[in-house]
Structures are given as structure tokens and as C-alpha cells.
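Asker: Data: query.txt, compact mmCIF, C-alpha atoms and all ligand atoms.
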```
# COMPACT_ATOMS: atom_id res chain seq x y z
CA ALA A 1 112.82 71.72 53.08
CA ALA A 2 109.92 73.53 51.43
CA LYS A 3 107.62 72.39 54.23
CA ASP A 4 109.62 74.36 56.76
CA ALA A 5 109.55 77.59 54.74
CA GLY A 6 106.54 78.89 56.66
CA ARG A 7 108.51 78.73 59.87
CA ASN A 8 110.88 81.41 58.64
CA THR A 9 108.19 83.98 58.01
CA VAL A 10 107.78 86.72 60.55
CA ARG A 11 104.79 86.28 62.82
CA PHE A 12 103.25 88.78 65.13
CA PHE A 13 102.05 86.03 67.43
CA ASP A 14 103.73 82.81 68.27
CA PRO A 15 101.45 79.78 67.91
CA ALA A 16 100.94 79.41 71.66
CA MET A 17 99.79 83.01 71.90
CA GLN A 18 97.49 82.50 68.94
CA VAL A 19 95.87 79.51 70.65
CA ALA A 20 95.43 81.48 73.85
CA LEU A 21 93.95 84.39 71.93
CA GLU A 22 91.48 82.13 70.12
CA ALA A 23 90.47 80.50 73.41
CA ALA A 24 89.82 83.93 74.94
CA THR A 25 87.79 84.98 71.89
CA THR A 26 85.73 81.79 72.10
CA LEU A 27 85.16 82.36 75.81
CA GLU A 28 84.01 85.89 75.14
CA THR A 29 81.63 84.77 72.39
CA ASP A 30 80.29 82.01 74.66
CA LEU A 31 79.93 84.45 77.53
CA ARG A 32 77.88 86.83 75.37
CA GLU A 33 75.65 83.94 74.37
CA ALA A 34 75.36 82.76 77.97
CA THR A 35 74.15 86.19 79.01
CA ALA A 36 71.55 86.27 76.25
CA GLN A 37 70.43 82.66 76.77
CA GLY A 38 70.35 82.60 80.55
CA GLN A 39 72.98 79.92 81.21
CA PHE A 40 73.79 81.21 84.69
CA VAL A 41 72.75 79.67 88.00
CA LEU A 42 73.24 80.63 91.60
CA HIS A 43 74.43 78.20 94.21
CA TYR A 44 74.00 78.90 97.89
CA GLN A 45 76.57 78.33 100.60
CA PRO A 46 75.11 78.25 104.10
CA GLN A 47 76.34 80.73 106.68
CA VAL A 48 76.04 79.26 110.15
CA GLU A 49 76.41 80.14 113.80
CA GLU A 50 78.86 78.23 115.95
CA ASP A 51 76.30 75.51 116.71
CA GLY A 52 75.64 74.95 113.00
CA ARG A 53 72.36 76.83 112.82
CA ILE A 54 71.88 78.28 109.34
CA ILE A 55 71.47 82.04 109.51
CA GLY A 56 71.79 82.80 105.82
CA ALA A 57 73.65 82.06 102.63
CA GLU A 58 76.03 83.53 100.12
CA ALA A 59 74.84 83.40 96.52
CA LEU A 60 77.68 82.20 94.28
CA LEU A 61 77.49 82.37 90.52
CA ARG A 62 78.03 79.38 88.23
CA TRP A 63 77.88 79.14 84.47
CA ALA A 64 76.09 76.05 83.20
CA HIS A 65 78.08 75.85 79.94
CA PRO A 66 76.52 73.57 77.29
CA ASP A 67 79.84 71.74 76.61
CA ARG A 68 82.08 72.52 79.53
CA GLY A 69 79.64 71.82 82.37
CA MET A 70 79.56 74.00 85.51
CA VAL A 71 82.17 76.72 85.13
CA PRO A 72 83.29 78.40 88.39
CA PRO A 73 83.26 82.21 88.58
CA GLY A 74 87.04 82.50 88.76
CA GLU A 75 87.17 81.34 85.15
CA PHE A 76 84.86 83.92 83.65
CA ILE A 77 84.31 86.88 86.00
CA PRO A 78 87.65 88.52 85.13
CA LEU A 79 86.73 88.43 81.42
CA ALA A 80 83.18 89.56 82.18
CA GLU A 81 84.65 92.55 84.01
CA LYS A 82 87.03 93.36 81.16
CA THR A 83 84.31 93.20 78.51
CA GLY A 84 81.58 94.93 80.49
CA LEU A 85 79.46 91.78 80.39
CA ILE A 86 79.57 91.88 84.17
CA LEU A 87 76.80 94.50 83.97
CA PRO A 88 74.05 92.28 82.52
CA ILE A 89 75.44 89.31 84.47
CA GLY A 90 75.59 91.23 87.75
CA HIS A 91 72.09 92.55 87.17
CA TRP A 92 70.84 88.99 86.65
CA VAL A 93 72.58 87.83 89.85
CA LEU A 94 70.94 90.58 91.87
CA GLU A 95 67.52 89.95 90.37
CA GLU A 96 67.71 86.18 90.80
CA ALA A 97 68.96 86.52 94.39
CA CYS A 98 66.11 88.91 95.21
CA ARG A 99 63.54 86.62 93.55
CA ARG A 100 64.74 83.72 95.71
CA LEU A 101 64.77 85.89 98.80
CA ALA A 102 61.16 86.89 98.14
CA ALA A 103 60.21 83.23 97.62
CA TRP A 104 61.98 82.12 100.81
CA ALA A 105 59.83 84.55 102.82
CA HIS A 106 56.98 82.04 102.38
CA ILE A 107 58.99 78.91 103.22
CA PRO A 108 58.92 77.75 106.86
CA GLY A 109 62.37 78.16 108.40
CA ALA A 110 63.65 80.30 105.55
CA GLY A 111 61.80 83.53 106.20
CA SER A 112 64.43 85.15 108.39
CA LEU A 113 67.52 84.17 106.42
CA GLY A 114 69.97 86.69 105.07
CA LEU A 115 71.32 86.44 101.55
CA ALA A 116 74.72 87.82 100.58
CA VAL A 117 75.42 88.86 96.99
CA ASN A 118 78.85 89.67 95.54
CA VAL A 119 79.17 92.92 93.64
CA SER A 120 81.99 93.78 91.23
CA ALA A 121 83.70 97.14 91.42
CA TYR A 122 82.76 97.93 87.82
CA GLN A 123 79.12 97.19 88.57
CA PHE A 124 79.11 99.15 91.84
CA ARG A 125 80.61 102.24 90.16
CA GLN A 126 77.95 102.48 87.45
CA PRO A 127 76.03 105.75 87.78
CA GLY A 128 72.74 103.81 87.76
CA PHE A 129 73.71 101.15 90.29
CA VAL A 130 71.70 102.45 93.24
CA LYS A 131 68.61 102.95 91.10
CA ASP A 132 69.05 99.50 89.60
CA VAL A 133 69.13 97.88 93.05
CA GLN A 134 66.10 99.91 94.08
CA GLN A 135 64.16 98.75 91.01
CA VAL A 136 65.09 95.11 91.53
CA ILE A 137 63.93 95.28 95.16
CA ALA A 138 60.63 96.84 94.11
CA ALA A 139 60.06 94.42 91.23
CA THR A 140 60.83 91.26 93.20
CA GLY A 141 59.29 92.21 96.52
CA ALA A 142 62.42 91.06 98.38
CA ASP A 143 62.92 92.40 101.90
CA PRO A 144 65.98 94.65 101.57
CA ALA A 145 66.81 94.06 105.24
CA ARG A 146 67.62 90.44 104.31
CA LEU A 147 69.93 91.44 101.47
CA LYS A 148 73.61 91.94 102.09
CA LEU A 149 76.00 93.20 99.44
CA GLU A 150 79.57 91.93 99.61
CA LEU A 151 82.17 94.49 98.61
CA THR A 152 85.91 93.84 98.56
CA GLU A 153 88.43 96.04 100.30
CA SER A 154 90.03 97.04 97.00
CA LEU A 155 86.66 98.20 95.66
CA VAL A 156 85.97 100.26 98.76
CA LEU A 157 89.41 101.86 98.91
CA GLU A 158 89.48 102.74 95.21
CA ASN A 159 87.35 105.79 95.91
CA VAL A 160 86.29 105.93 99.53
CA ALA A 161 84.15 109.07 99.26
CA ASP A 162 82.10 107.75 96.34
CA THR A 163 81.81 104.36 98.02
CA ILE A 164 80.47 105.86 101.23
CA ALA A 165 77.93 107.98 99.33
CA ARG A 166 76.62 104.96 97.42
CA MET A 167 76.57 102.72 100.46
CA ALA A 168 74.68 105.36 102.42
CA LYS A 169 71.98 105.58 99.73
CA LEU A 170 71.60 101.81 99.62
CA LYS A 171 71.54 101.67 103.39
CA THR A 172 68.52 103.96 103.50
CA LEU A 173 66.71 101.21 101.55
CA GLY A 174 67.59 98.84 104.38
CA ILE A 175 70.38 96.97 102.61
CA GLY A 176 73.41 95.81 104.60
CA PHE A 177 77.07 95.47 103.62
CA SER A 178 79.82 92.99 104.27
CA MET A 179 83.49 93.62 103.56
CA ASP A 180 84.55 90.50 101.66
CA ASP A 181 88.03 88.95 101.75
CA PHE A 182 88.85 91.21 104.67
CA GLY A 183 92.51 91.44 105.62
CA THR A 184 93.84 91.15 102.07
CA GLY A 185 93.63 94.91 101.45
CA TYR A 186 94.95 97.83 103.37
CA SER A 187 92.00 99.50 104.99
CA SER A 188 92.75 101.24 108.26
CA LEU A 189 90.57 101.53 111.33
CA SER A 190 90.07 105.22 110.59
CA GLN A 191 88.75 104.42 107.10
CA LEU A 192 86.64 101.53 108.30
CA LYS A 193 84.84 103.57 110.93
CA HIS A 194 83.39 105.84 108.22
CA LEU A 195 81.94 102.97 106.22
CA PRO A 196 78.32 101.96 106.85
CA LEU A 197 79.24 98.27 107.14
CA GLU A 198 77.43 95.52 109.07
CA GLN A 199 80.01 92.81 108.74
CA LEU A 200 83.65 91.95 108.16
CA LYS A 201 84.31 88.68 106.38
CA ILE A 202 87.71 87.26 107.28
CA ASP A 203 89.49 86.09 104.15
CA ARG A 204 89.95 82.37 103.66
CA SER A 205 93.73 82.71 103.46
CA PHE A 206 93.89 83.57 107.19
CA ILE A 207 91.64 80.67 108.19
CA LYS A 208 93.69 78.09 106.31
CA ASP A 209 96.46 77.63 108.88
CA LEU A 210 94.47 78.47 112.00
CA GLY A 211 95.42 76.29 114.92
CA THR A 212 98.80 75.46 113.39
CA SER A 213 100.25 78.89 112.55
CA PRO A 214 100.54 81.35 115.46
CA GLN A 215 100.84 84.20 112.95
CA GLU A 216 97.50 83.47 111.28
CA GLY A 217 95.98 83.13 114.72
CA ALA A 218 97.18 86.58 115.70
CA ILE A 219 95.82 88.13 112.50
CA VAL A 220 92.42 86.54 112.96
CA LYS A 221 92.25 87.68 116.60
CA THR A 222 93.15 91.21 115.48
CA ILE A 223 90.39 91.24 112.86
CA ILE A 224 87.85 89.98 115.39
CA ALA A 225 88.95 92.68 117.84
CA MET A 226 88.68 95.32 115.10
CA GLY A 227 85.16 94.15 114.36
CA ARG A 228 84.24 94.41 118.02
CA THR A 229 85.73 97.91 118.30
CA LEU A 230 83.70 99.06 115.32
CA GLY A 231 80.52 97.29 116.41
CA LEU A 232 80.52 94.99 113.38
CA HIS A 233 79.62 91.34 113.00
CA VAL A 234 82.46 89.11 111.94
CA ILE A 235 82.16 86.01 109.78
CA ALA A 236 84.94 83.62 108.76
CA GLU A 237 85.04 82.17 105.26
CA GLY A 238 86.74 78.94 104.20
CA VAL A 239 86.26 77.06 107.47
CA GLU A 240 87.19 73.48 106.60
CA ASN A 241 87.89 71.69 109.87
CA GLN A 242 87.06 71.52 113.54
CA THR A 243 90.45 72.90 114.60
CA GLN A 244 89.75 76.13 112.74
CA LEU A 245 86.22 76.27 114.11
CA ASN A 246 87.41 75.77 117.70
CA PHE A 247 89.92 78.56 117.32
CA LEU A 248 87.32 80.91 115.86
CA ILE A 249 84.82 80.17 118.61
CA SER A 250 87.39 80.72 121.35
CA ALA A 251 88.45 83.97 119.68
CA GLY A 252 84.86 85.20 119.67
CA CYS A 253 83.90 84.76 116.02
CA ARG A 254 80.37 83.39 116.03
CA ALA A 255 79.54 83.08 112.33
CA CYS A 256 81.19 80.81 109.78
CA GLN A 257 81.00 79.70 106.21
CA GLY A 258 82.98 76.83 104.71
CA TYR A 259 83.22 73.28 103.47
CA LEU A 260 83.15 71.99 107.08
CA PHE A 261 79.46 72.87 107.09
CA SER A 262 78.57 72.78 103.40
CA ARG A 263 79.86 73.52 99.94
CA PRO A 264 77.82 75.94 97.84
CA VAL A 265 74.77 73.93 96.71
CA PRO A 266 71.81 74.36 94.34
CA GLU A 267 68.79 76.05 95.88
CA ALA A 268 66.81 72.82 96.26
CA LEU A 269 69.58 71.26 98.37
CA PHE A 270 69.90 74.41 100.44
CA LEU A 271 66.18 74.32 101.17
CA ASP A 272 66.47 70.62 102.07
CA LEU A 273 68.99 71.57 104.77
CA LEU A 274 66.45 74.01 106.19
CA ALA A 275 63.61 71.52 105.97
CA ALA A 276 65.76 69.01 107.88
CA GLY A 277 65.91 71.40 110.84
CA GLY A 278 68.25 74.12 109.67
CA ILE A 279 71.18 72.93 111.78
CA ILE A 280 74.27 71.43 110.16
CA ARG A 281 76.05 69.04 112.49
CA VAL A 282 79.69 68.52 111.65
CA LYS A 283 81.67 65.32 112.04
CA ALA A 284 85.33 65.36 113.06
CA ASN A 285 87.43 64.53 110.01
CA ALA A 286 90.83 62.87 109.65
CA ALA A 287 92.73 66.17 109.72
CA ASP A 288 91.07 67.09 113.03
CA LYS A 289 92.01 63.80 114.63
CA GLN A 290 95.59 64.42 113.60
CA ALA A 291 95.56 67.92 115.01
CA ALA A 292 93.97 66.81 118.29
P1 LIG A 301 84.16 84.96 97.47
O1 LIG A 301 83.06 85.93 97.41
O2 LIG A 301 85.24 85.22 98.46
O3 LIG A 301 83.46 83.56 97.72
C1 LIG A 301 83.99 82.53 98.49
C2 LIG A 301 84.63 81.47 97.62
O4 LIG A 301 85.26 80.51 98.48
C3 LIG A 301 83.64 80.66 96.78
O5 LIG A 301 84.30 80.27 95.57
C4 LIG A 301 83.39 79.45 97.65
O6 LIG A 301 82.95 78.32 96.92
C5 LIG A 301 84.76 79.22 98.21
N1 LIG A 301 84.72 78.49 99.47
C6 LIG A 301 83.75 78.49 100.40
N2 LIG A 301 84.07 77.72 101.45
C7 LIG A 301 85.28 77.21 101.19
C8 LIG A 301 86.16 76.32 101.92
O7 LIG A 301 85.87 75.85 103.02
N3 LIG A 301 87.34 76.00 101.32
C9 LIG A 301 87.69 76.50 100.10
N4 LIG A 301 88.87 76.12 99.60
N5 LIG A 301 86.89 77.34 99.39
C10 LIG A 301 85.71 77.69 99.94
P2 LIG A 301 83.60 80.46 94.15
O8 LIG A 301 82.16 80.12 94.23
O9 LIG A 301 84.45 79.74 93.16
O10 LIG A 301 83.70 82.02 93.91
C11 LIG A 301 84.95 82.64 93.76
C12 LIG A 301 84.81 84.14 93.72
O11 LIG A 301 84.08 84.57 92.56
C13 LIG A 301 84.03 84.72 94.89
O12 LIG A 301 84.86 84.81 96.03
C14 LIG A 301 83.65 86.08 94.33
O13 LIG A 301 84.71 86.98 94.43
C15 LIG A 301 83.43 85.76 92.87
N6 LIG A 301 81.98 85.62 92.62
C16 LIG A 301 81.17 84.55 92.85
N7 LIG A 301 79.90 84.84 92.50
C17 LIG A 301 79.89 86.12 92.07
C18 LIG A 301 78.87 87.01 91.58
O14 LIG A 301 77.68 86.69 91.52
N8 LIG A 301 79.27 88.27 91.20
C19 LIG A 301 80.57 88.67 91.30
N9 LIG A 301 80.89 89.91 90.92
N10 LIG A 301 81.55 87.87 91.77
C20 LIG A 301 81.21 86.61 92.14
MG MG A 302 81.87 86.81 98.68
MG MG A 303 85.10 86.09 100.25
MG MG A 304 87.82 85.05 99.44
```
Starting from the file, give its structure as C-alpha cells.

Answerer:
Amino acid sequence: AAKDAGRNTVRFFDPAMQVALEAATTLETDLREATAQGQFVLHYQPQVEEDGRIIGAEALLRWAHPDRGMVPPGEFIPLAEKTGLILPIGHWVLEEACRRLAAWAHIPGAGSLGLAVNVSAYQFRQPGFVKDVQQVIAATGADPARLKLELTESLVLENVADTIARMAKLKTLGIGFSMDDFGTGYSSLSQLKHLPLEQLKIDRSFIKDLGTSPQEGAIVKTIIAMGRTLGLHVIAEGVENQTQLNFLISAGCRACQGYLFSRPVPEALFLDLLAAGGIIRVKANAADKQAA
């Protein structure tokens, strides 16, 4: 029939692709607007010692989208990196994190906390990155010794010599570094020993089956031993239950981050945790009882 004629015309895109393309274009337009209009917020996930004492936080980016609500970073960071929008966004993250850090210095119980900030490879490789960080520190009055930049293994390994040079410059300002998602890349001990790191952060994927999978247990023990050999602190991410925590403690990992203690929360809630004593006590959950 005449109605179907359009279906026989040659298309460069099939309709599904067209829809996907339009969605991506809308997201990009929205993301540009978000950057200009300041629709981003930071949430803070506590980092604790084995007894639940809060020693710091990781700043995690969220997009308060006018129609879609809170959008998690996994849904827009890849596009932000592809379009270069990660530069203004990443700058905002750093500035906001440093502003909060400077404010916390005057809050009882919050003055000695560390704050970890994630940095994208594209952002880290910008020629002006070191200067940018320096300016943000100066403008906000944040104590650089409390700031920790989280770099992923893939970022570091992409160009080790350049990475080391940049890290060294930032380190002279007092800034520390954590290797995020550690264990998912391929860094060797010999590469690691040249990096001015303070911390290894064990990737969540290895924590997931701790206590039930002997293989994961062996990997985590190896990472903890590597950290010890190199004189680095080790923190576990994605700790969700007591079984995992018990394993980590017995293996010598003293710092944790995960839903067992707290999800990432708005700043006000994070400060409430500190005001309530700064120790998060965990309750055994159903999964733990099963495992016990
Ligand atoms: P990441 O840096 O490895 O952050 C940890 C992620 O694990 C966070 O997801 C956090 O909410 C989640 N998480 C924490 N504890 C648990 C747990 O017990 N169980 C589970 N299942 N998940 C847990 P989120 O906030 O969605 O962030 C995802 C990733 O987005 C981050 O991974 C980081 O790579 C990136 N990201 C977040 N904020 C920023 C930012 O400001 N700049 C850049 N460049 N990347 C960011
Ligand atoms: Mg991180
Ligand atoms: Mg991580
Ligand atoms: Mg991770």
C-alpha cells in the first residue's frame, strides 16, 4: 500500500539508531546546559577504619537533572569525556570539593578528615592541570594535605613518565594520590614503586565474593601484601557485609568504604554522621547470618 512506500526507501540509519542518536544529542545538549547552570552536586561516601571511625570521604558526582532527577555519574561521565565537557565539570568538582574541605576545617570533628576526588584521564592530561589544581587550592584555602586525588590504573599506565612528573609536581603541594579500582589494570610492582602514591584502593569486584570465593580472597591478600611491601595504605571499596569486613580485617586491611557503613550521602547527612560521634556502627544483616 501507499502507506508502506516510505519503508522501501534507503535509510542511512535504522529507526532504533535514530532514536539512540537523538537521545545522545539531547543528553549532550542537557549536559552543556547543566555545566552552565550548575546542576551538579557532590555526595560524600564515608571512608572508615575497621571500628567504623570516619577518617574521610570520597566525593562522588551527581547530576541533579530538572526532569530526570539524580543522574549517577556512570550515565554521563563517558559522554562528558568524549565531548570535553569533563574539563569544566572536573574543574567544578575540584573547586567544590576544596571549598567543602576548607569549610570542614572549622567544624568540630571534621577538621582532620581527608577528601578523595576522582580525576578523569582527559582532565589529568591537560597541560594546565597542575596549575589549575594549584589555583583552586589557593582560591579556596583548602589544606592540600587533606586532598587525595584518585587516579585509575589505566590512566597511570597510559603514559607512566608523564604521570609520574605530574604527580610529583602535585605532591610538592602536599596532595596525596590513591590508585582507584586497583587490580583491574595491569600495573606491576616495578611500575608501582616509581609512583608517588599514598594508597591503593582495592576494586569492588574483588570484594564482592570475599569470604565465599577462595580466589577473590587470594587476590585481595596479594594486593594487601603489595601495599605493605610498597609502604602504601590500602582501602577496600564496595564493602557490603560483615563477612567481607571480617576477611579484610584479618587480612590486614584497615580502611573500608561501602554500603555496609554508608551509601554516598549529601553533605548535610555526612556532617550529621560526624556530629553524632563520627563512628558508624554496623548491624549484622541477613546475608551475614546466612554466611555465619
Ligand atoms: P569509583 O570512583 O570507583 O567510585 C565508587 C563507586 O562505587 C561509586 O559509584 C559508589 O557509589 C559505589 N559504591 C560504593 N560503595 C558501594 C557498595 O558497597 N556496593 C556497591 N555496589 N557500590 C558501591 P558512583 O557514585 O555511581 O560512581 C561511579 C564512578 O563514576 C566512580 O567510580 C568514578 O569512576 C566515577 N565518578 C564519580 N564521581 C566522579 C567525578 O567527580 N569525576 C570523575 N572523573 N569521575 C567520577
Ligand atoms: Mg573513586
Ligand atoms: Mg573505585
Ligand atoms: Mg570501582

Asker: Of the residues A:Thr26, A:Thr222, A:Ser262, A:Ser120, which is the one nearest to ligand MG 302 (chain A), using all atoms listed in the file?

Answerer: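 Looking only at the distances to ligand MG 302 (chain A), the closest residue turns out to be A:Ser120.
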
Asker: Restricting the calculation to all atoms listed in the file, which member of A:Leu197, A:Ile279, A:Ile224, A:Ala23 is positioned closest to Gly183 (chain A)?

Answerer: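 Among the listed residues, A:Ile224 lies closest to Gly183 (chain A).
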
Asker: For each of A:Gly174, A:Pro214, A:Pro196, A:Gly128, take the minimum atom-to-atom distance to Pro144 (chain A), counting only C-alpha atoms, then give the residue where this is smallest.

Answerer: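 Closest candidate: A:Gly174.
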
Asker: Determine, counting only C-alpha atoms, which protein, DNA and RNA residues have an atom within 12 Å of an atom of Val160 (chain A); residues of the same chain fewer than 3 positions away are not included. Present the result as a PyMOL selection string.

Answerer: chain A and resi 125+153-157+163-168+187-188+190-196

Asker: Can you tell me which residues come within 6 Å of ligand MG 303 (chain A) when counting only C-alpha atoms and all ligand atoms, ideally as a list in words?

Answerer: Asp180, Asp181 and Asp203 of chain A

Asker: Could you please fill out region 46-77 of chain A with N, CA and C atoms and send it back as a CSV table (one decimal), keeping the file's coordinate frame?

Answerer:
```csv
chain,number,residue,atom,x,y,z
A,46,PRO,N,75.7,77.9,102.8
A,46,PRO,CA,75.1,78.2,104.1
A,46,PRO,C,76.1,79.1,104.9
A,47,GLN,N,75.6,80.0,105.7
A,47,GLN,CA,76.3,80.7,106.7
A,47,GLN,C,75.7,80.3,108.0
A,48,VAL,N,76.6,79.9,108.9
A,48,VAL,CA,76.0,79.3,110.2
A,48,VAL,C,76.6,79.9,111.4
A,49,GLU,N,75.9,79.7,112.5
A,49,GLU,CA,76.4,80.1,113.8
A,49,GLU,C,77.2,79.0,114.3
A,50,GLU,N,77.9,79.2,115.4
A,50,GLU,CA,78.9,78.2,116.0
A,50,GLU,C,78.2,76.9,116.2
A,51,ASP,N,77.0,76.8,116.5
A,51,ASP,CA,76.3,75.5,116.7
A,51,ASP,C,75.8,74.9,115.4
A,52,GLY,N,76.1,75.5,114.3
A,52,GLY,CA,75.6,75.0,113.0
A,52,GLY,C,74.3,75.4,112.5
A,53,ARG,N,73.7,76.3,113.3
A,53,ARG,CA,72.4,76.8,112.8
A,53,ARG,C,72.5,77.7,111.6
A,54,ILE,N,71.8,77.5,110.6
A,54,ILE,CA,71.9,78.3,109.3
A,54,ILE,C,71.2,79.6,109.5
A,55,ILE,N,72.0,80.7,109.3
A,55,ILE,CA,71.5,82.0,109.5
A,55,ILE,C,71.3,82.8,108.2
A,56,GLY,N,71.9,82.2,107.1
A,56,GLY,CA,71.8,82.8,105.8
A,56,GLY,C,72.6,82.0,104.8
A,57,ALA,N,72.9,82.7,103.7
A,57,ALA,CA,73.6,82.1,102.6
A,57,ALA,C,74.4,83.1,101.8
A,58,GLU,N,75.4,82.7,101.1
A,58,GLU,CA,76.0,83.5,100.1
A,58,GLU,C,75.7,83.0,98.8
A,59,ALA,N,75.2,83.8,97.9
A,59,ALA,CA,74.8,83.4,96.5
A,59,ALA,C,76.1,83.4,95.7
A,60,LEU,N,76.4,82.3,95.1
A,60,LEU,CA,77.7,82.2,94.3
A,60,LEU,C,77.3,81.8,92.9
A,61,LEU,N,77.9,82.5,91.9
A,61,LEU,CA,77.5,82.4,90.5
A,61,LEU,C,78.2,81.2,89.9
A,62,ARG,N,77.5,80.4,89.1
A,62,ARG,CA,78.0,79.4,88.2
A,62,ARG,C,77.5,79.5,86.8
A,63,TRP,N,78.3,79.1,85.9
A,63,TRP,CA,77.9,79.1,84.5
A,63,TRP,C,77.7,77.7,84.0
A,64,ALA,N,76.4,77.4,83.7
A,64,ALA,CA,76.1,76.0,83.2
A,64,ALA,C,76.4,76.0,81.7
A,65,HIS,N,77.6,75.8,81.3
A,65,HIS,CA,78.1,75.8,79.9
A,65,HIS,C,77.6,74.6,79.2
A,66,PRO,N,77.1,74.7,78.0
A,66,PRO,CA,76.5,73.6,77.3
A,66,PRO,C,77.5,72.4,77.0
A,67,ASP,N,78.8,72.8,76.9
A,67,ASP,CA,79.8,71.7,76.6
A,67,ASP,C,80.8,71.5,77.8
A,68,ARG,N,81.1,72.6,78.5
A,68,ARG,CA,82.1,72.5,79.5
A,68,ARG,C,81.5,72.2,80.9
A,69,GLY,N,80.2,72.1,81.1
A,69,GLY,CA,79.6,71.8,82.4
A,69,GLY,C,79.7,73.1,83.2
A,70,MET,N,79.6,72.9,84.6
A,70,MET,CA,79.6,74.0,85.5
A,70,MET,C,80.9,74.7,85.5
A,71,VAL,N,80.9,76.0,85.1
A,71,VAL,CA,82.2,76.7,85.1
A,71,VAL,C,82.2,77.6,86.4
A,72,PRO,N,83.2,77.5,87.2
A,72,PRO,CA,83.3,78.4,88.4
A,72,PRO,C,83.6,79.9,88.0
A,73,PRO,N,83.2,80.8,88.9
A,73,PRO,CA,83.3,82.2,88.6
A,73,PRO,C,84.7,82.7,88.3
A,74,GLY,N,85.7,82.1,89.0
A,74,GLY,CA,87.0,82.5,88.8
A,74,GLY,C,87.5,82.4,87.3
A,75,GLU,N,86.8,81.5,86.5
A,75,GLU,CA,87.2,81.3,85.2
A,75,GLU,C,86.5,82.3,84.2
A,76,PHE,N,85.5,83.0,84.6
A,76,PHE,CA,84.9,83.9,83.6
A,76,PHE,C,84.6,85.3,84.2
A,77,ILE,N,84.6,85.5,85.5
A,77,ILE,CA,84.3,86.9,86.0
A,77,ILE,C,85.4,87.9,85.5
```
